[in-house]
Each structure stands twice: as structure tokens, then as C-alpha cells.
$ cat upload.cif   # mmCIF, N, CA and C atoms
data_structure
#
loop_
_atom_site.label_atom_id
_atom_site.label_comp_id
_atom_site.auth_asym_id
_atom_site.auth_seq_id
_atom_site.Cartn_x
_atom_site.Cartn_y
_atom_site.Cartn_z
N MET A 1 14.52 -10.77 -7.42
CA MET A 1 13.36 -10.80 -6.59
C MET A 1 13.26 -9.48 -5.83
N ILE A 2 12.08 -8.90 -5.84
CA ILE A 2 11.84 -7.66 -5.10
C ILE A 2 11.35 -8.04 -3.71
N LYS A 3 12.01 -7.51 -2.69
CA LYS A 3 11.60 -7.74 -1.31
C LYS A 3 11.16 -6.41 -0.72
N PHE A 4 10.29 -6.47 0.30
CA PHE A 4 9.84 -5.23 0.92
C PHE A 4 9.53 -5.43 2.39
N THR A 5 9.52 -4.31 3.11
CA THR A 5 9.09 -4.27 4.51
C THR A 5 8.08 -3.15 4.66
N ILE A 6 7.25 -3.23 5.68
CA ILE A 6 6.25 -2.20 5.93
C ILE A 6 6.53 -1.58 7.30
N SER A 7 6.50 -0.24 7.34
CA SER A 7 6.74 0.46 8.61
C SER A 7 5.42 0.89 9.23
N GLU A 8 5.49 1.37 10.45
CA GLU A 8 4.30 1.86 11.14
C GLU A 8 3.83 3.20 10.60
N THR A 9 4.57 3.81 9.68
CA THR A 9 4.19 5.11 9.12
C THR A 9 3.58 4.98 7.73
N ASN A 10 2.97 3.83 7.44
CA ASN A 10 2.32 3.58 6.15
C ASN A 10 3.29 3.60 4.98
N ALA A 11 4.55 3.22 5.21
CA ALA A 11 5.54 3.19 4.14
C ALA A 11 5.98 1.75 3.87
N ILE A 12 6.10 1.43 2.60
CA ILE A 12 6.65 0.15 2.17
C ILE A 12 8.05 0.45 1.66
N THR A 13 9.05 -0.25 2.17
CA THR A 13 10.43 -0.05 1.73
C THR A 13 10.86 -1.27 0.92
N PHE A 14 11.28 -1.02 -0.33
CA PHE A 14 11.72 -2.08 -1.22
C PHE A 14 13.24 -2.23 -1.15
N ASN A 15 13.75 -3.39 -1.52
CA ASN A 15 15.19 -3.63 -1.45
C ASN A 15 15.95 -3.03 -2.62
N GLU A 16 15.25 -2.47 -3.60
CA GLU A 16 15.88 -1.76 -4.71
C GLU A 16 14.90 -0.75 -5.27
N GLU A 17 15.37 0.14 -6.14
CA GLU A 17 14.50 1.18 -6.69
C GLU A 17 13.45 0.56 -7.59
N VAL A 18 12.22 1.08 -7.46
CA VAL A 18 11.10 0.58 -8.24
C VAL A 18 10.26 1.74 -8.77
N THR A 19 9.45 1.43 -9.76
CA THR A 19 8.41 2.34 -10.23
C THR A 19 7.12 1.54 -10.22
N GLY A 20 6.00 2.22 -10.25
CA GLY A 20 4.73 1.52 -10.29
C GLY A 20 3.68 2.25 -9.50
N ASN A 21 2.72 1.49 -8.97
CA ASN A 21 1.64 2.11 -8.22
C ASN A 21 1.15 1.19 -7.12
N ILE A 22 0.58 1.81 -6.10
CA ILE A 22 -0.08 1.10 -5.02
C ILE A 22 -1.36 1.85 -4.70
N ALA A 23 -2.28 1.17 -4.03
CA ALA A 23 -3.53 1.81 -3.61
C ALA A 23 -4.04 1.11 -2.37
N LEU A 24 -4.81 1.83 -1.57
CA LEU A 24 -5.46 1.25 -0.41
C LEU A 24 -6.93 1.07 -0.75
N GLN A 25 -7.41 -0.17 -0.62
CA GLN A 25 -8.78 -0.50 -0.97
C GLN A 25 -9.44 -1.25 0.18
N THR A 26 -10.77 -1.29 0.13
CA THR A 26 -11.49 -2.18 1.02
C THR A 26 -11.47 -3.57 0.40
N GLU A 27 -11.93 -4.55 1.15
CA GLU A 27 -11.93 -5.94 0.69
C GLU A 27 -12.72 -6.12 -0.62
N ASP A 28 -13.75 -5.27 -0.84
CA ASP A 28 -14.54 -5.37 -2.07
C ASP A 28 -13.98 -4.51 -3.20
N GLU A 29 -12.71 -4.11 -3.08
CA GLU A 29 -11.95 -3.37 -4.10
C GLU A 29 -12.37 -1.91 -4.27
N THR A 30 -13.05 -1.34 -3.28
CA THR A 30 -13.38 0.08 -3.31
C THR A 30 -12.16 0.88 -2.86
N ASP A 31 -11.75 1.85 -3.67
CA ASP A 31 -10.59 2.66 -3.33
C ASP A 31 -10.92 3.55 -2.12
N VAL A 32 -10.03 3.58 -1.14
CA VAL A 32 -10.26 4.36 0.08
C VAL A 32 -10.04 5.85 -0.16
N GLY A 33 -9.21 6.20 -1.14
CA GLY A 33 -9.01 7.61 -1.48
C GLY A 33 -7.78 8.24 -0.87
N TRP A 34 -6.89 7.43 -0.28
CA TRP A 34 -5.64 7.97 0.24
C TRP A 34 -4.70 8.24 -0.92
N ILE A 35 -3.75 9.15 -0.73
CA ILE A 35 -2.78 9.49 -1.77
C ILE A 35 -1.65 8.48 -1.73
N ALA A 36 -1.41 7.82 -2.85
CA ALA A 36 -0.36 6.80 -2.94
C ALA A 36 0.77 7.30 -3.80
N ASN A 37 1.99 6.92 -3.43
CA ASN A 37 3.17 7.33 -4.18
C ASN A 37 4.21 6.21 -4.14
N VAL A 38 4.81 5.94 -5.28
CA VAL A 38 5.93 5.00 -5.36
C VAL A 38 7.08 5.75 -6.00
N ALA A 39 8.21 5.86 -5.27
CA ALA A 39 9.38 6.57 -5.79
C ALA A 39 10.63 6.01 -5.13
N GLY A 40 11.62 5.70 -5.94
CA GLY A 40 12.87 5.16 -5.40
C GLY A 40 12.65 3.82 -4.74
N THR A 41 12.98 3.73 -3.46
CA THR A 41 12.80 2.47 -2.73
C THR A 41 11.61 2.52 -1.78
N LYS A 42 10.74 3.54 -1.92
CA LYS A 42 9.61 3.69 -1.00
C LYS A 42 8.28 3.74 -1.73
N GLY A 43 7.30 3.14 -1.09
CA GLY A 43 5.91 3.29 -1.48
C GLY A 43 5.18 3.82 -0.26
N THR A 44 4.40 4.88 -0.41
CA THR A 44 3.72 5.47 0.74
C THR A 44 2.23 5.64 0.48
N LEU A 45 1.48 5.61 1.56
CA LEU A 45 0.05 5.89 1.53
C LEU A 45 -0.20 7.04 2.50
N GLU A 46 -0.72 8.14 1.97
CA GLU A 46 -0.92 9.34 2.77
C GLU A 46 -2.40 9.53 3.09
N PHE A 47 -2.70 9.67 4.37
CA PHE A 47 -4.06 9.89 4.85
C PHE A 47 -4.65 11.15 4.21
N VAL A 48 -5.94 11.08 3.88
CA VAL A 48 -6.67 12.23 3.35
C VAL A 48 -7.82 12.53 4.32
N GLU A 49 -7.91 13.78 4.76
CA GLU A 49 -8.98 14.20 5.67
C GLU A 49 -10.33 13.77 5.12
N GLY A 50 -11.15 13.17 5.97
CA GLY A 50 -12.47 12.70 5.55
C GLY A 50 -12.46 11.28 5.00
N LYS A 51 -11.29 10.68 4.89
CA LYS A 51 -11.15 9.31 4.36
C LYS A 51 -10.59 8.38 5.44
N GLU A 52 -11.10 8.53 6.67
CA GLU A 52 -10.62 7.74 7.79
C GLU A 52 -10.95 6.26 7.59
N LEU A 53 -10.13 5.40 8.17
CA LEU A 53 -10.43 3.97 8.17
C LEU A 53 -11.56 3.73 9.17
N THR A 54 -12.40 2.75 8.89
CA THR A 54 -13.52 2.44 9.78
C THR A 54 -13.22 1.20 10.61
N TYR A 55 -13.89 1.09 11.73
CA TYR A 55 -13.70 -0.04 12.63
C TYR A 55 -14.16 -1.34 11.98
N GLU A 56 -13.51 -2.43 12.37
CA GLU A 56 -13.87 -3.79 11.96
C GLU A 56 -14.03 -3.92 10.45
N THR A 57 -13.04 -3.44 9.72
CA THR A 57 -13.06 -3.47 8.26
C THR A 57 -11.78 -4.10 7.75
N VAL A 58 -11.90 -4.89 6.69
CA VAL A 58 -10.73 -5.48 6.04
C VAL A 58 -10.27 -4.55 4.93
N TYR A 59 -8.98 -4.22 4.93
CA TYR A 59 -8.37 -3.36 3.92
C TYR A 59 -7.28 -4.13 3.19
N VAL A 60 -7.00 -3.70 1.96
CA VAL A 60 -5.98 -4.35 1.15
C VAL A 60 -5.13 -3.28 0.47
N ILE A 61 -3.81 -3.38 0.63
CA ILE A 61 -2.89 -2.56 -0.15
C ILE A 61 -2.57 -3.36 -1.40
N VAL A 62 -2.90 -2.82 -2.56
CA VAL A 62 -2.68 -3.53 -3.82
C VAL A 62 -1.82 -2.69 -4.76
N GLY A 63 -1.20 -3.33 -5.71
CA GLY A 63 -0.42 -2.60 -6.70
C GLY A 63 0.53 -3.49 -7.44
N LYS A 64 1.33 -2.85 -8.28
CA LYS A 64 2.35 -3.55 -9.04
C LYS A 64 3.54 -2.62 -9.16
N VAL A 65 4.73 -3.13 -8.89
CA VAL A 65 5.95 -2.35 -9.04
C VAL A 65 6.93 -3.13 -9.90
N SER A 66 7.87 -2.40 -10.50
CA SER A 66 8.91 -3.06 -11.30
C SER A 66 10.24 -2.36 -11.11
N THR A 67 11.31 -3.13 -11.28
CA THR A 67 12.66 -2.59 -11.16
C THR A 67 13.12 -2.08 -12.52
N THR A 68 14.29 -1.45 -12.56
CA THR A 68 14.80 -0.91 -13.82
C THR A 68 15.10 -2.01 -14.82
N ASP A 69 15.35 -3.24 -14.35
CA ASP A 69 15.61 -4.34 -15.29
C ASP A 69 14.33 -5.05 -15.74
N GLY A 70 13.17 -4.55 -15.28
CA GLY A 70 11.89 -5.09 -15.72
C GLY A 70 11.28 -6.16 -14.82
N THR A 71 11.93 -6.48 -13.71
CA THR A 71 11.35 -7.45 -12.78
C THR A 71 10.10 -6.85 -12.15
N GLU A 72 8.97 -7.55 -12.26
CA GLU A 72 7.71 -7.05 -11.73
C GLU A 72 7.25 -7.86 -10.52
N THR A 73 6.59 -7.17 -9.60
CA THR A 73 6.00 -7.83 -8.44
C THR A 73 4.63 -7.22 -8.19
N GLU A 74 3.63 -8.09 -8.04
CA GLU A 74 2.31 -7.62 -7.64
C GLU A 74 2.26 -7.61 -6.12
N ILE A 75 1.58 -6.60 -5.58
CA ILE A 75 1.49 -6.42 -4.13
C ILE A 75 0.04 -6.62 -3.71
N LYS A 76 -0.14 -7.41 -2.67
CA LYS A 76 -1.47 -7.57 -2.06
C LYS A 76 -1.25 -7.86 -0.58
N ILE A 77 -1.45 -6.83 0.24
CA ILE A 77 -1.24 -6.93 1.68
C ILE A 77 -2.58 -6.66 2.36
N THR A 78 -3.07 -7.62 3.09
CA THR A 78 -4.38 -7.51 3.74
C THR A 78 -4.21 -7.28 5.24
N PHE A 79 -5.03 -6.36 5.78
CA PHE A 79 -5.06 -6.13 7.22
C PHE A 79 -6.47 -5.72 7.62
N SER A 80 -6.76 -5.79 8.89
CA SER A 80 -8.09 -5.39 9.35
C SER A 80 -7.97 -4.47 10.56
N THR A 81 -8.98 -3.64 10.73
CA THR A 81 -9.02 -2.75 11.88
C THR A 81 -9.83 -3.41 13.00
N LYS A 82 -9.51 -3.06 14.23
CA LYS A 82 -10.21 -3.61 15.39
C LYS A 82 -11.51 -2.86 15.63
N GLY A 83 -12.31 -3.40 16.52
CA GLY A 83 -13.54 -2.73 16.93
C GLY A 83 -13.24 -1.52 17.79
N GLU A 84 -14.24 -0.69 17.98
CA GLU A 84 -14.10 0.52 18.79
C GLU A 84 -13.74 0.14 20.23
N ALA A 85 -12.82 0.91 20.81
CA ALA A 85 -12.37 0.61 22.19
C ALA A 85 -13.36 1.07 23.22
#

$ encode --input "upload.cif" --output "C-alpha cells"
Amino acid sequence: MIKFTISETNAITFNEEVTGNIALQTEDETDVGWIANVAGTKGTLEFVEGKELTYETVYVIVGKVSTTDGTETEIKITFSTKGEA
């Protein structure tokens, strides 16, 4: 079983080395355009200038990763942004 944690720096840490892909999308599956990378035990989403998150929007981190022995896990993490302060 692949387990993971998410940090405040947009990184997903897996309990073992994985390969695969992740992406940041809106709720309607539109890609946000951030740079995604999966390597070793980390999956990261890197902010891209001009691709800021908008207020009061639902976002989803989606993807699929697998271990060297072929164990696969689909990822779907949903979060939303608050309204303007």
C-alpha cells in the first residue's frame, strides 16, 4: 500500500519511491498549469507566474503513481480556497 502526506510547501511525500504523474486541476478538470514533478518519494506542484489560484474555487490534485513492484495508486485530493479577506 502506498501512503502519503502533504506538506505546506505543495509537496506530497510517499512512504516509498514512486514514478508517475500528478496535476493540479479545477473541479471541472481544467488544468491550472502549474509544473508537476514526481521523483523518488516526492511529488511537487510548482507555482507558475500568471497561474495564481483564485478565491472561492475548488481545486483537485489528481494523478497516478506506482512503486517499483508495480503497485499503483490513484490520487485525488480536493481542497478549496477561501474568499478574499

$ atom_distance --input "upload.cif" --atom1 "atom CA of A:Thr81" --atom2 "atom CA of A:Leu53"
7.8 Å

$ residues_around --input "upload.cif" --residues "A:Glu49" --least-positions-apart "2" --cutoff "8 Å" --atoms "only N, CA and C atoms" --output "compact mmCIF listing (two decimals) with N, CA and C atoms, in the coordinates of the input"
# COMPACT_ATOMS: atom_id res chain seq x y z
N GLY A 33 -9.21 6.20 -1.14
CA GLY A 33 -9.01 7.61 -1.48
C GLY A 33 -7.78 8.24 -0.87
N TRP A 34 -6.89 7.43 -0.28
CA TRP A 34 -5.64 7.97 0.24
C TRP A 34 -4.70 8.24 -0.92
N GLU A 46 -0.72 8.14 1.97
CA GLU A 46 -0.92 9.34 2.77
C GLU A 46 -2.40 9.53 3.09
N PHE A 47 -2.70 9.67 4.37
CA PHE A 47 -4.06 9.89 4.85
C PHE A 47 -4.65 11.15 4.21
N LYS A 51 -11.29 10.68 4.89
CA LYS A 51 -11.15 9.31 4.36
C LYS A 51 -10.59 8.38 5.44
N GLU A 52 -11.10 8.53 6.67
CA GLU A 52 -10.62 7.74 7.79
C GLU A 52 -10.95 6.26 7.59

$ atom_distance --input "upload.cif" --atom1 "atom CA of A:Ser80" --atom2 "atom N of A:Gly20"
25.3 Å

$ residues_around --input "upload.cif" --residues "A:Glu84" --least-positions-apart "4" --cutoff "8 Å" --atoms "all atoms listed in the file" --output "PyMOL selection string"
chain A and resi 54-56

$ residues_around --input "upload.cif" --residues "A:Asp28" --least-positions-apart "6" --cutoff "12 Å" --atoms "only C-alpha atoms" --output "JSON, numbers by chain"
{"A": [57, 58, 59, 60, 78]}

$ atom_distance --input "upload.cif" --atom1 "atom N of A:Lys82" --atom2 "atom C of A:Thr13"
24.4 Å

$ closest_residue --input "upload.cif" --among "A:Ala39, A:Ile77, A:Leu45, A:Asp31" --to "A:Thr19" --atoms "only C-alpha atoms"
A:Ala39

$ closest_residue --input "upload.cif" --among "A:Asn21, A:Thr44, A:Asn37, A:Asn10" --to "A:Gly63" --atoms "all atoms listed in the file"
A:Asn21

$ closest_residue --input "upload.cif" --among "A:Val65, A:Val32, A:Val48, A:Ile75" --to "A:Val18" --atoms "only N, CA and C atoms"
A:Val65

$ closest_residue --input "upload.cif" --among "A:Ala23, A:Ala85, A:Ala11, A:Ile61" --to "A:Lys42" --atoms "all atoms listed in the file"
A:Ala11

$ axis_aligned_box --input "upload.cif" --around "stretch 56-71 of chain A" --padding-each-side "3 Å" --output "JSON"
{"center_x": 0.8, "center_y": -4.2, "center_z": -1.7, "size_x": 35.6, "size_y": 12.5, "size_z": 34.1}

$ select_by_dssp --input "upload.cif" --residues "chain A" --states "strand (DSSP E or B)" --output "MDAnalysis selection string"
chainID A and resid 4:6 11:14 19:26 31 35:39 42:46 58:66 72:80
